[in-house]
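Printed here is data-v8.cif (mmCIF, C-alpha atoms; chains and numbers go by the auth columns):
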data_start
loop_
_atom_site.group_PDB
_atom_site.id
_atom_site.type_symbol
_atom_site.label_atom_id
_atom_site.label_comp_id
_atom_site.label_asym_id
_atom_site.label_seq_id
_atom_site.Cartn_x
_atom_site.Cartn_y
_atom_site.Cartn_z
_atom_site.B_iso_or_equiv
_atom_site.auth_seq_id
_atom_site.auth_asym_id
ATOM 1 C CA GLY A 1 2.003 4.007 17.338 0.00 1 Q
ATOM 2 C CA ASP A 2 0.830 5.652 14.165 0.00 2 Q
ATOM 3 C CA SER A 3 -2.509 4.501 12.833 0.00 3 Q
ATOM 4 C CA VAL A 4 -5.174 5.223 10.225 0.00 4 Q
ATOM 5 C CA THR A 5 -8.916 4.780 10.636 0.00 5 Q
ATOM 6 C CA GLN A 6 -11.234 4.924 7.665 0.00 6 Q
ATOM 7 C CA MET A 7 -14.933 4.380 7.358 0.00 7 Q
ATOM 8 C CA GLU A 8 -16.145 0.837 7.082 0.00 8 Q
ATOM 9 C CA GLY A 9 -17.635 -0.243 3.841 0.00 9 Q
ATOM 10 C CA PRO A 10 -18.988 -1.316 1.591 0.00 10 Q
ATOM 11 C CA VAL A 11 -20.319 1.930 0.200 0.00 11 Q
ATOM 12 C CA THR A 12 -22.869 1.677 -2.589 0.00 12 Q
ATOM 13 C CA LEU A 13 -23.783 4.747 -4.620 0.00 13 Q
ATOM 14 C CA SER A 14 -25.658 5.530 -7.794 0.00 14 Q
ATOM 15 C CA GLU A 15 -23.784 7.024 -10.711 0.00 15 Q
ATOM 16 C CA GLU A 16 -23.307 10.823 -10.413 0.00 16 Q
ATOM 17 C CA ALA A 17 -23.760 10.755 -6.620 0.00 17 Q
ATOM 18 C CA PHE A 18 -21.436 12.634 -4.272 0.00 18 Q
ATOM 19 C CA LEU A 19 -18.784 10.549 -2.538 0.00 19 Q
ATOM 20 C CA THR A 20 -17.140 11.045 0.834 0.00 20 Q
ATOM 21 C CA ILE A 21 -14.888 8.460 2.454 0.00 21 Q
ATOM 22 C CA ASN A 22 -13.741 9.516 5.899 0.00 22 Q
ATOM 23 C CA CYS A 23 -10.175 9.032 7.057 0.00 23 Q
ATOM 24 C CA THR A 24 -8.607 10.088 10.343 0.00 24 Q
ATOM 25 C CA TYR A 25 -5.129 9.424 11.570 0.00 25 Q
ATOM 26 C CA THR A 26 -2.937 9.322 14.643 0.00 26 Q
ATOM 27 C CA ALA A 27 0.713 10.142 14.156 0.00 27 Q
ATOM 28 C CA THR A 28 3.724 11.641 15.795 0.00 28 Q
ATOM 29 C CA GLY A 29 5.543 14.179 13.718 0.00 29 Q
ATOM 30 C CA TYR A 30 4.304 15.368 10.350 0.00 30 Q
ATOM 31 C CA PRO A 31 3.362 12.494 8.089 0.00 31 Q
ATOM 32 C CA SER A 32 2.557 12.619 4.423 0.00 32 Q
ATOM 33 C CA LEU A 33 -0.962 11.416 3.647 0.00 33 Q
ATOM 34 C CA PHE A 34 -2.087 9.323 0.707 0.00 34 Q
ATOM 35 C CA TRP A 35 -5.098 7.789 -0.925 0.00 35 Q
ATOM 36 C CA TYR A 36 -4.489 4.644 -2.926 0.00 36 Q
ATOM 37 C CA VAL A 37 -7.029 2.824 -5.089 0.00 37 Q
ATOM 38 C CA GLN A 38 -7.152 -0.882 -5.849 0.00 38 Q
ATOM 39 C CA TYR A 39 -9.218 -2.104 -8.773 0.00 39 Q
ATOM 40 C CA PRO A 40 -10.327 -5.752 -8.762 0.00 40 Q
ATOM 41 C CA GLY A 41 -7.421 -8.136 -9.261 0.00 41 Q
ATOM 42 C CA GLU A 42 -4.848 -5.357 -9.437 0.00 42 Q
ATOM 43 C CA GLY A 43 -2.211 -3.747 -7.247 0.00 43 Q
ATOM 44 C CA LEU A 44 -2.512 -0.412 -5.503 0.00 44 Q
ATOM 45 C CA GLN A 45 -2.285 2.802 -7.476 0.00 45 Q
ATOM 46 C CA LEU A 46 -1.591 6.202 -6.016 0.00 46 Q
ATOM 47 C CA LEU A 47 -4.702 8.350 -6.313 0.00 47 Q
ATOM 48 C CA LEU A 48 -3.528 11.515 -4.562 0.00 48 Q
ATOM 49 C CA LYS A 49 -1.265 12.751 -1.808 0.00 49 Q
ATOM 50 C CA ALA A 50 -0.610 15.700 0.493 0.00 50 Q
ATOM 51 C CA THR A 51 2.618 16.351 2.298 0.00 51 Q
ATOM 52 C CA LYS A 52 1.779 19.149 4.739 0.00 52 Q
ATOM 53 C CA ALA A 53 -1.092 20.735 6.581 0.00 53 Q
ATOM 54 C CA ASP A 54 -3.733 22.462 4.431 0.00 54 Q
ATOM 55 C CA ASP A 55 -2.386 20.903 1.236 0.00 55 Q
ATOM 56 C CA LYS A 56 -5.078 19.634 -1.101 0.00 56 Q
ATOM 57 C CA GLY A 57 -4.366 16.581 -3.217 0.00 57 Q
ATOM 58 C CA SER A 58 -6.447 16.052 -6.340 0.00 58 Q
ATOM 59 C CA ASN A 59 -6.618 13.651 -9.237 0.00 59 Q
ATOM 60 C CA LYS A 60 -9.303 12.353 -11.610 0.00 60 Q
ATOM 61 C CA GLY A 61 -11.976 14.454 -9.879 0.00 61 Q
ATOM 62 C CA PHE A 62 -11.072 13.173 -6.415 0.00 62 Q
ATOM 63 C CA GLU A 63 -9.901 15.579 -3.733 0.00 63 Q
ATOM 64 C CA ALA A 64 -8.653 15.386 -0.154 0.00 64 Q
ATOM 65 C CA THR A 65 -7.352 18.120 2.161 0.00 65 Q
ATOM 66 C CA TYR A 66 -4.759 17.537 4.882 0.00 66 Q
ATOM 67 C CA ARG A 67 -6.428 18.834 8.056 0.00 67 Q
ATOM 68 C CA LYS A 68 -3.977 18.853 10.933 0.00 68 Q
ATOM 69 C CA GLU A 69 -6.429 20.354 13.411 0.00 69 Q
ATOM 70 C CA THR A 70 -8.882 17.486 12.943 0.00 70 Q
ATOM 71 C CA THR A 71 -6.235 14.887 11.936 0.00 71 Q
ATOM 72 C CA SER A 72 -8.293 14.042 8.886 0.00 72 Q
ATOM 73 C CA PHE A 73 -7.841 13.425 5.166 0.00 73 Q
ATOM 74 C CA HIS A 74 -11.318 12.745 3.809 0.00 74 Q
ATOM 75 C CA LEU A 75 -11.680 11.682 0.181 0.00 75 Q
ATOM 76 C CA GLU A 76 -14.375 13.384 -1.899 0.00 76 Q
ATOM 77 C CA LYS A 77 -15.651 13.290 -5.436 0.00 77 Q
ATOM 78 C CA GLY A 78 -18.536 15.330 -6.759 0.00 78 Q
ATOM 79 C CA SER A 79 -19.937 12.830 -9.250 0.00 79 Q
ATOM 80 C CA VAL A 80 -18.897 9.190 -9.182 0.00 80 Q
ATOM 81 C CA GLN A 81 -18.875 6.886 -12.181 0.00 81 Q
ATOM 82 C CA VAL A 82 -19.274 3.131 -12.467 0.00 82 Q
ATOM 83 C CA SER A 83 -15.558 2.976 -13.298 0.00 83 Q
ATOM 84 C CA ASP A 84 -14.759 4.345 -9.826 0.00 84 Q
ATOM 85 C CA SER A 85 -15.845 1.059 -8.264 0.00 85 Q
ATOM 86 C CA ALA A 86 -12.784 -0.133 -6.336 0.00 86 Q
ATOM 87 C CA VAL A 87 -11.297 -0.376 -2.863 0.00 87 Q
ATOM 88 C CA TYR A 88 -9.864 2.863 -1.495 0.00 88 Q
ATOM 89 C CA PHE A 89 -7.084 2.942 1.081 0.00 89 Q
ATOM 90 C CA CYS A 90 -6.042 5.878 3.198 0.00 90 Q
ATOM 91 C CA ALA A 91 -2.411 5.758 4.334 0.00 91 Q
ATOM 92 C CA LEU A 92 0.285 7.767 5.998 0.00 92 Q
ATOM 93 C CA THR A 93 4.049 7.622 6.067 0.00 93 Q
ATOM 94 C CA GLY A 94 6.679 9.329 8.093 0.00 94 Q
ATOM 95 C CA GLY A 95 7.848 6.853 10.682 0.00 95 Q
ATOM 96 C CA SER A 96 11.479 5.856 10.995 0.00 96 Q
ATOM 97 C CA GLN A 97 10.933 2.985 8.557 0.00 97 Q
ATOM 98 C CA GLY A 98 9.281 5.130 5.915 0.00 98 Q
ATOM 99 C CA ASN A 99 6.680 2.500 5.322 0.00 99 Q
ATOM 100 C CA LEU A 100 3.037 3.197 4.638 0.00 100 Q
ATOM 101 C CA ILE A 101 0.535 2.596 7.416 0.00 101 Q
ATOM 102 C CA PHE A 102 -2.815 1.757 5.895 0.00 102 Q
ATOM 103 C CA GLY A 103 -6.407 1.906 6.911 0.00 103 Q
ATOM 104 C CA LYS A 104 -8.386 -1.264 6.316 0.00 104 Q
ATOM 105 C CA GLY A 105 -9.837 -0.065 3.054 0.00 105 Q
ATOM 106 C CA THR A 106 -13.302 0.990 1.912 0.00 106 Q
ATOM 107 C CA LYS A 107 -14.985 -0.847 -0.921 0.00 107 Q
ATOM 108 C CA LEU A 108 -16.977 1.424 -3.223 0.00 108 Q
ATOM 109 C CA SER A 109 -19.583 0.082 -5.628 0.00 109 Q
ATOM 110 C CA VAL A 110 -21.186 2.482 -8.084 0.00 110 Q
ATOM 111 C CA LYS A 111 -24.409 1.362 -9.775 0.00 111 Q
ATOM 112 C CA PRO A 112 -25.558 2.699 -13.156 0.00 112 Q
ATOM 113 C CA ASP B 1 3.650 4.171 -14.101 0.00 113 U
ATOM 114 C CA ALA B 2 6.684 3.013 -12.147 0.00 114 U
ATOM 115 C CA GLY B 3 8.234 -0.190 -13.452 0.00 115 U
ATOM 116 C CA ILE B 4 7.713 -2.704 -10.673 0.00 116 U
ATOM 117 C CA THR B 5 7.155 -6.356 -11.427 0.00 117 U
ATOM 118 C CA GLN B 6 6.601 -9.334 -9.192 0.00 118 U
ATOM 119 C CA SER B 7 7.071 -13.010 -9.853 0.00 119 U
ATOM 120 C CA PRO B 8 5.401 -15.371 -9.688 0.00 120 U
ATOM 121 C CA ARG B 9 1.955 -13.802 -9.889 0.00 121 U
ATOM 122 C CA HIS B 10 0.269 -16.885 -8.488 0.00 122 U
ATOM 123 C CA LYS B 11 1.654 -19.787 -6.500 0.00 123 U
ATOM 124 C CA VAL B 12 0.237 -22.815 -4.748 0.00 124 U
ATOM 125 C CA THR B 13 2.539 -24.626 -2.364 0.00 125 U
ATOM 126 C CA GLU B 14 2.410 -27.107 0.468 0.00 126 U
ATOM 127 C CA THR B 15 2.971 -26.521 4.160 0.00 127 U
ATOM 128 C CA GLY B 16 6.621 -26.797 5.113 0.00 128 U
ATOM 129 C CA THR B 17 8.106 -25.966 1.744 0.00 129 U
ATOM 130 C CA PRO B 18 10.290 -22.901 1.149 0.00 130 U
ATOM 131 C CA VAL B 19 8.954 -20.204 -1.153 0.00 131 U
ATOM 132 C CA THR B 20 10.713 -17.204 -2.675 0.00 132 U
ATOM 133 C CA LEU B 21 8.909 -14.234 -4.166 0.00 133 U
ATOM 134 C CA ARG B 22 10.757 -11.760 -6.347 0.00 134 U
ATOM 135 C CA CYS B 23 10.292 -8.028 -6.794 0.00 135 U
ATOM 136 C CA HIS B 24 12.079 -6.117 -9.543 0.00 136 U
ATOM 137 C CA GLN B 25 12.036 -2.338 -10.042 0.00 137 U
ATOM 138 C CA THR B 26 13.553 -0.258 -12.778 0.00 138 U
ATOM 139 C CA GLU B 27 13.178 3.161 -11.089 0.00 139 U
ATOM 140 C CA ASN B 28 16.439 3.181 -9.137 0.00 140 U
ATOM 141 C CA HIS B 29 14.399 3.612 -5.956 0.00 141 U
ATOM 142 C CA ARG B 30 16.348 3.420 -2.746 0.00 142 U
ATOM 143 C CA TYR B 31 13.596 1.992 -0.562 0.00 143 U
ATOM 144 C CA MET B 32 11.746 -1.259 -1.153 0.00 144 U
ATOM 145 C CA TYR B 33 9.023 -2.887 0.912 0.00 145 U
ATOM 146 C CA TRP B 34 7.118 -6.126 1.189 0.00 146 U
ATOM 147 C CA TYR B 35 3.518 -5.981 2.432 0.00 147 U
ATOM 148 C CA ARG B 36 0.860 -8.608 2.844 0.00 148 U
ATOM 149 C CA GLN B 37 -2.825 -7.948 2.292 0.00 149 U
ATOM 150 C CA ASP B 38 -5.439 -9.837 4.239 0.00 150 U
ATOM 151 C CA PRO B 39 -9.185 -9.238 4.609 0.00 151 U
ATOM 152 C CA GLY B 40 -9.934 -6.945 7.526 0.00 152 U
ATOM 153 C CA HIS B 41 -6.310 -5.931 7.965 0.00 153 U
ATOM 154 C CA GLY B 42 -5.498 -3.720 5.022 0.00 154 U
ATOM 155 C CA LEU B 43 -1.821 -3.971 4.138 0.00 155 U
ATOM 156 C CA ARG B 44 0.831 -4.724 6.722 0.00 156 U
ATOM 157 C CA LEU B 45 4.574 -4.338 6.427 0.00 157 U
ATOM 158 C CA ILE B 46 6.640 -7.526 6.469 0.00 158 U
ATOM 159 C CA HIS B 47 10.181 -6.290 5.775 0.00 159 U
ATOM 160 C CA TYR B 48 11.757 -3.322 4.122 0.00 160 U
ATOM 161 C CA SER B 49 15.087 -2.302 2.634 0.00 161 U
ATOM 162 C CA TYR B 50 16.790 1.072 2.712 0.00 162 U
ATOM 163 C CA GLY B 51 19.627 0.109 0.404 0.00 163 U
ATOM 164 C CA VAL B 52 21.610 -2.785 -1.014 0.00 164 U
ATOM 165 C CA LYS B 53 22.154 -5.345 1.753 0.00 165 U
ATOM 166 C CA ASP B 54 20.362 -3.056 4.235 0.00 166 U
ATOM 167 C CA THR B 55 17.109 -4.559 5.456 0.00 167 U
ATOM 168 C CA ASP B 56 14.985 -4.499 8.565 0.00 168 U
ATOM 169 C CA LYS B 57 11.866 -6.067 10.037 0.00 169 U
ATOM 170 C CA GLY B 58 8.357 -4.738 9.811 0.00 170 U
ATOM 171 C CA GLU B 59 5.185 -5.369 11.746 0.00 171 U
ATOM 172 C CA VAL B 60 4.626 -9.006 10.701 0.00 172 U
ATOM 173 C CA SER B 61 8.103 -10.373 9.980 0.00 173 U
ATOM 174 C CA ASP B 62 7.951 -13.736 11.772 0.00 174 U
ATOM 175 C CA GLY B 63 8.508 -16.600 9.351 0.00 175 U
ATOM 176 C CA TYR B 64 9.874 -14.350 6.589 0.00 176 U
ATOM 177 C CA SER B 65 13.327 -13.304 5.480 0.00 177 U
ATOM 178 C CA VAL B 66 14.477 -10.935 2.754 0.00 178 U
ATOM 179 C CA SER B 67 17.539 -10.162 0.720 0.00 179 U
ATOM 180 C CA ARG B 68 18.605 -7.301 -1.496 0.00 180 U
ATOM 181 C CA SER B 69 21.816 -7.874 -3.418 0.00 181 U
ATOM 182 C CA LYS B 70 21.077 -5.283 -6.123 0.00 182 U
ATOM 183 C CA THR B 71 19.188 -1.990 -6.087 0.00 183 U
ATOM 184 C CA GLU B 72 16.538 -3.347 -8.432 0.00 184 U
ATOM 185 C CA ASP B 73 15.775 -6.689 -6.764 0.00 185 U
ATOM 186 C CA PHE B 74 14.167 -7.492 -3.417 0.00 186 U
ATOM 187 C CA LEU B 75 13.448 -11.110 -2.535 0.00 187 U
ATOM 188 C CA LEU B 76 11.014 -12.358 0.082 0.00 188 U
ATOM 189 C CA THR B 77 11.488 -15.905 1.378 0.00 189 U
ATOM 190 C CA LEU B 78 9.113 -17.989 3.414 0.00 190 U
ATOM 191 C CA GLU B 79 11.520 -20.429 5.011 0.00 191 U
ATOM 192 C CA SER B 80 8.857 -23.041 5.762 0.00 192 U
ATOM 193 C CA ALA B 81 5.443 -22.014 4.501 0.00 193 U
ATOM 194 C CA THR B 82 2.420 -22.270 6.788 0.00 194 U
ATOM 195 C CA SER B 83 -1.277 -21.909 6.034 0.00 195 U
ATOM 196 C CA SER B 84 -1.318 -18.592 7.914 0.00 196 U
ATOM 197 C CA GLN B 85 0.954 -17.203 5.206 0.00 197 U
ATOM 198 C CA THR B 86 -1.739 -17.646 2.567 0.00 198 U
ATOM 199 C CA SER B 87 -2.167 -14.063 1.423 0.00 199 U
ATOM 200 C CA VAL B 88 -1.622 -11.556 -1.337 0.00 200 U
ATOM 201 C CA TYR B 89 1.888 -10.126 -1.251 0.00 201 U
ATOM 202 C CA PHE B 90 2.714 -6.698 -2.593 0.00 202 U
ATOM 203 C CA CYS B 91 6.076 -5.197 -3.219 0.00 203 U
ATOM 204 C CA ALA B 92 6.525 -1.436 -3.241 0.00 204 U
ATOM 205 C CA SER B 93 9.393 0.914 -3.912 0.00 205 U
ATOM 206 C CA GLY B 94 10.034 4.602 -3.486 0.00 206 U
ATOM 207 C CA GLY B 95 12.497 7.269 -2.505 0.00 207 U
ATOM 208 C CA ALA B 96 14.445 7.862 -5.689 0.00 208 U
ATOM 209 C CA SER B 97 15.971 10.956 -4.154 0.00 209 U
ATOM 210 C CA GLY B 98 16.547 9.300 -0.829 0.00 210 U
ATOM 211 C CA GLU B 99 13.592 10.850 0.967 0.00 211 U
ATOM 212 C CA LEU B 100 11.596 8.581 3.234 0.00 212 U
ATOM 213 C CA GLN B 101 8.229 10.209 2.666 0.00 213 U
ATOM 214 C CA GLU B 102 8.173 10.020 -1.076 0.00 214 U
ATOM 215 C CA THR B 103 5.392 8.203 -2.852 0.00 215 U
ATOM 216 C CA GLN B 104 5.586 4.425 -2.935 0.00 216 U
ATOM 217 C CA TYR B 105 4.720 2.538 -6.096 0.00 217 U
ATOM 218 C CA PHE B 106 3.272 -0.921 -5.951 0.00 218 U
ATOM 219 C CA GLY B 107 3.730 -4.044 -7.976 0.00 219 U
ATOM 220 C CA PRO B 108 0.764 -6.110 -9.216 0.00 220 U
ATOM 221 C CA GLY B 109 0.887 -8.569 -6.311 0.00 221 U
ATOM 222 C CA THR B 110 1.494 -12.282 -5.832 0.00 222 U
ATOM 223 C CA ARG B 111 -1.335 -14.544 -4.700 0.00 223 U
ATOM 224 C CA LEU B 112 0.077 -17.305 -2.516 0.00 224 U
ATOM 225 C CA LEU B 113 -1.935 -20.293 -1.352 0.00 225 U
ATOM 226 C CA VAL B 114 -0.374 -22.621 1.196 0.00 226 U
ATOM 227 C CA LEU B 115 -2.154 -25.962 1.438 0.00 227 U
#
Would you kindly transcribe this structure into structure tokens?
Amino acid sequence: GDSVTQMEGPVTLSEEAFLTINCTYTATGYPSLFWYVQYPGEGLQLLLKATKADDKGSNKGFEATYRKETTSFHLEKGSVQVSDSAVYFCALTGGSQGNLIFGKGTKLSVKP
Amino acid sequence: DAGITQSPRHKVTETGTPVTLRCHQTENHRYMYWYRQDPGHGLRLIHYSYGVKDTDKGEVSDGYSVSRSKTEDFLLTLESATSSQTSVYFCASGGASGELQETQYFGPGTRLLVL
């Protein structure tokens, strides 16, 4: 079945460092791809999405490109801030149920 | 932000008791979902709904039932709670135009502890 694999955390970075969180997927068909972010004690918020190959999603300085040839959707940000500390989830949808299939999440901690 | 609320936000209950969690959305979304979040598992689908009175099982549906009598409300019931159902439960909705792959919006979650 469809699945998402993302890099294990936790990831600890200093403020202004470059961030990459790897995400690869296995899917039949042509799923949409998402990154969600979960701040402590809160629900999930959509960070960005891409619906077809070569699309780039971007929001709040974060970017991810839908790479069909490598089945990847890596999240990047050029300069992280302390306020970016959260858990990041990669997900895909497109199965018959339309539900999201999530990776296990990557916890990011940014130190001042 | 999409208007999705969940109630209660926190609940402690005892093994064997029934529990109902409520999800309410004001976006007229067609699809609604219940997920549970557990350490090391990410989020997993419990049940989903593709319209009023139309529901189906997800990956981890054993011990749970759902009902959707109105577009805006989706109830999750634990018929007889067990300790393995201690988790954080998230409701999500999406598909205002009827498309499956539209963005899903999440509620704030319900923390359930079964003693």
Test item: chain U residues at most 10 Å from chain Q, counting only C-alpha atoms, as number ranges by chain | U: 113, 143-147, 149-157, 159-162, 168-170, 200-207, 211-223
Kindly export the residues of the current selection with C-alpha atoms, as an mmCIF file, in the frame of the given file.
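Full text of selection_12.cif as output:
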data_model
loop_
_atom_site.group_PDB
_atom_site.id
_atom_site.type_symbol
_atom_site.label_atom_id
_atom_site.label_comp_id
_atom_site.auth_asym_id
_atom_site.auth_seq_id
_atom_site.Cartn_x
_atom_site.Cartn_y
_atom_site.Cartn_z
ATOM 1 C CA ASP U 113 3.650 4.171 -14.101
ATOM 2 C CA TYR U 143 13.596 1.992 -0.562
ATOM 3 C CA MET U 144 11.746 -1.259 -1.153
ATOM 4 C CA TYR U 145 9.023 -2.887 0.912
ATOM 5 C CA TRP U 146 7.118 -6.126 1.189
ATOM 6 C CA TYR U 147 3.518 -5.981 2.432
ATOM 7 C CA GLN U 149 -2.825 -7.948 2.292
ATOM 8 C CA ASP U 150 -5.439 -9.837 4.239
ATOM 9 C CA PRO U 151 -9.185 -9.238 4.609
ATOM 10 C CA GLY U 152 -9.934 -6.945 7.526
ATOM 11 C CA HIS U 153 -6.310 -5.931 7.965
ATOM 12 C CA GLY U 154 -5.498 -3.720 5.022
ATOM 13 C CA LEU U 155 -1.821 -3.971 4.138
ATOM 14 C CA ARG U 156 0.831 -4.724 6.722
ATOM 15 C CA LEU U 157 4.574 -4.338 6.427
ATOM 16 C CA HIS U 159 10.181 -6.290 5.775
ATOM 17 C CA TYR U 160 11.757 -3.322 4.122
ATOM 18 C CA SER U 161 15.087 -2.302 2.634
ATOM 19 C CA TYR U 162 16.790 1.072 2.712
ATOM 20 C CA ASP U 168 14.985 -4.499 8.565
ATOM 21 C CA LYS U 169 11.866 -6.067 10.037
ATOM 22 C CA GLY U 170 8.357 -4.738 9.811
ATOM 23 C CA VAL U 200 -1.622 -11.556 -1.337
ATOM 24 C CA TYR U 201 1.888 -10.126 -1.251
ATOM 25 C CA PHE U 202 2.714 -6.698 -2.593
ATOM 26 C CA CYS U 203 6.076 -5.197 -3.219
ATOM 27 C CA ALA U 204 6.525 -1.436 -3.241
ATOM 28 C CA SER U 205 9.393 0.914 -3.912
ATOM 29 C CA GLY U 206 10.034 4.602 -3.486
ATOM 30 C CA GLY U 207 12.497 7.269 -2.505
ATOM 31 C CA GLU U 211 13.592 10.850 0.967
ATOM 32 C CA LEU U 212 11.596 8.581 3.234
ATOM 33 C CA GLN U 213 8.229 10.209 2.666
ATOM 34 C CA GLU U 214 8.173 10.020 -1.076
ATOM 35 C CA THR U 215 5.392 8.203 -2.852
ATOM 36 C CA GLN U 216 5.586 4.425 -2.935
ATOM 37 C CA TYR U 217 4.720 2.538 -6.096
ATOM 38 C CA PHE U 218 3.272 -0.921 -5.951
ATOM 39 C CA GLY U 219 3.730 -4.044 -7.976
ATOM 40 C CA PRO U 220 0.764 -6.110 -9.216
ATOM 41 C CA GLY U 221 0.887 -8.569 -6.311
ATOM 42 C CA THR U 222 1.494 -12.282 -5.832
ATOM 43 C CA ARG U 223 -1.335 -14.544 -4.700
#
Give me the box for stretch 86-95 of chain Q as JSON, namely the centre and edge lengths in Å to one decimal of a box along x, y and z that holds every listed atom plus 5 Å on each side.
{"center_x": -2.5, "center_y": 4.5, "center_z": 2.2, "size_x": 30.6, "size_y": 19.7, "size_z": 27.0}
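Using all atoms listed in the file, the contacts of Q:Pro40 at a cut-off of 9 Å, with sequence neighbours closer than 6 positions omitted, comprise Ser85, Ala86 and Val87 of chain Q.
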Work out how far apart atom CA of Q:Ala27 and atom CA of Q:Asp55 are and give it in Å to one decimal.
-> 17.1 Å
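Using all atoms listed in the file, the smallest distance between any of Q:Gln81, Q:Thr70, Q:Ser58, Q:Ser109 and Q:Glu15 comes from Q:Gln81.
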Atom pair atom CA of Q:Pro112 / atom CA of Q:Ala17: separation (Å) = 10.5 Å
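Going from atom CA of Q:Arg67 to atom CA of Q:Gly1 covers 19.4 Å.
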Translate the PyMOL selection byres ((chain Q and resi 65) around 9), as applied to the file shown, into an explicit residue set as a VMD selection string.
-> chain Q and resid 50 53 to 58 63 to 64 66 to 67 72 to 75
Keeping only C-alpha atoms, write the selected residues as a short mmCIF file (atom, residue, chain, number, x, y, z; two decimals), keeping the file's coordinate frame.
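Written file, result-v3.cif:
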data_model
loop_
_atom_site.label_atom_id
_atom_site.label_comp_id
_atom_site.auth_asym_id
_atom_site.auth_seq_id
_atom_site.Cartn_x
_atom_site.Cartn_y
_atom_site.Cartn_z
CA ALA Q 50 -0.61 15.70 0.49
CA ALA Q 53 -1.09 20.74 6.58
CA ASP Q 54 -3.73 22.46 4.43
CA ASP Q 55 -2.39 20.90 1.24
CA LYS Q 56 -5.08 19.63 -1.10
CA GLY Q 57 -4.37 16.58 -3.22
CA SER Q 58 -6.45 16.05 -6.34
CA GLU Q 63 -9.90 15.58 -3.73
CA ALA Q 64 -8.65 15.39 -0.15
CA TYR Q 66 -4.76 17.54 4.88
CA ARG Q 67 -6.43 18.83 8.06
CA SER Q 72 -8.29 14.04 8.89
CA PHE Q 73 -7.84 13.42 5.17
CA HIS Q 74 -11.32 12.74 3.81
CA LEU Q 75 -11.68 11.68 0.18
#
Report the residues retrieved by the PyMOL selection byres ((chain U and resi 191) around 8) from the displayed file, expressed as a tab-separated table (two decimals) with C-alpha atoms, in the coordinates of the input.
chain	number	residue	atom	x	y	z
U	129	THR	CA	8.11	-25.97	1.74
U	130	PRO	CA	10.29	-22.90	1.15
U	131	VAL	CA	8.95	-20.20	-1.15
U	175	GLY	CA	8.51	-16.60	9.35
U	176	TYR	CA	9.87	-14.35	6.59
U	177	SER	CA	13.33	-13.30	5.48
U	189	THR	CA	11.49	-15.90	1.38
U	190	LEU	CA	9.11	-17.99	3.41
U	192	SER	CA	8.86	-23.04	5.76
U	193	ALA	CA	5.44	-22.01	4.50
Since the input lacks some atoms of stretch 156-167 of chain U, please model N, CA and C atoms and print them as a short mmCIF file (atom, residue, chain, number, x, y, z; two decimals), in the coordinates of the input.
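Listed below is the output, result.cif:
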data_model
loop_
_atom_site.label_atom_id
_atom_site.label_comp_id
_atom_site.auth_asym_id
_atom_site.auth_seq_id
_atom_site.Cartn_x
_atom_site.Cartn_y
_atom_site.Cartn_z
N ARG U 156 -0.08 -4.78 5.59
CA ARG U 156 0.83 -4.72 6.72
C ARG U 156 2.25 -4.98 6.25
N LEU U 157 3.18 -4.27 6.84
CA LEU U 157 4.57 -4.34 6.43
C LEU U 157 5.24 -5.60 6.96
N ILE U 158 5.92 -6.32 6.07
CA ILE U 158 6.64 -7.53 6.47
C ILE U 158 8.12 -7.20 6.72
N HIS U 159 8.78 -6.71 5.70
CA HIS U 159 10.18 -6.29 5.78
C HIS U 159 10.37 -5.11 4.82
N TYR U 160 11.44 -4.39 5.04
CA TYR U 160 11.76 -3.32 4.12
C TYR U 160 13.27 -3.23 3.94
N SER U 161 13.67 -2.48 2.92
CA SER U 161 15.09 -2.30 2.63
C SER U 161 15.34 -0.83 2.35
N TYR U 162 16.43 -0.33 2.93
CA TYR U 162 16.79 1.07 2.71
C TYR U 162 18.08 1.20 1.91
N GLY U 163 18.46 0.10 1.27
CA GLY U 163 19.63 0.11 0.40
C GLY U 163 20.11 -1.31 0.18
N VAL U 164 21.07 -1.46 -0.73
CA VAL U 164 21.61 -2.78 -1.01
C VAL U 164 22.18 -3.37 0.28
N LYS U 165 21.73 -4.57 0.58
CA LYS U 165 22.15 -5.34 1.75
C LYS U 165 21.71 -4.72 3.08
N ASP U 166 20.89 -3.68 3.02
CA ASP U 166 20.36 -3.06 4.24
C ASP U 166 18.88 -3.34 4.35
N THR U 167 18.52 -4.20 5.29
CA THR U 167 17.11 -4.56 5.46
C THR U 167 16.74 -4.54 6.93
#
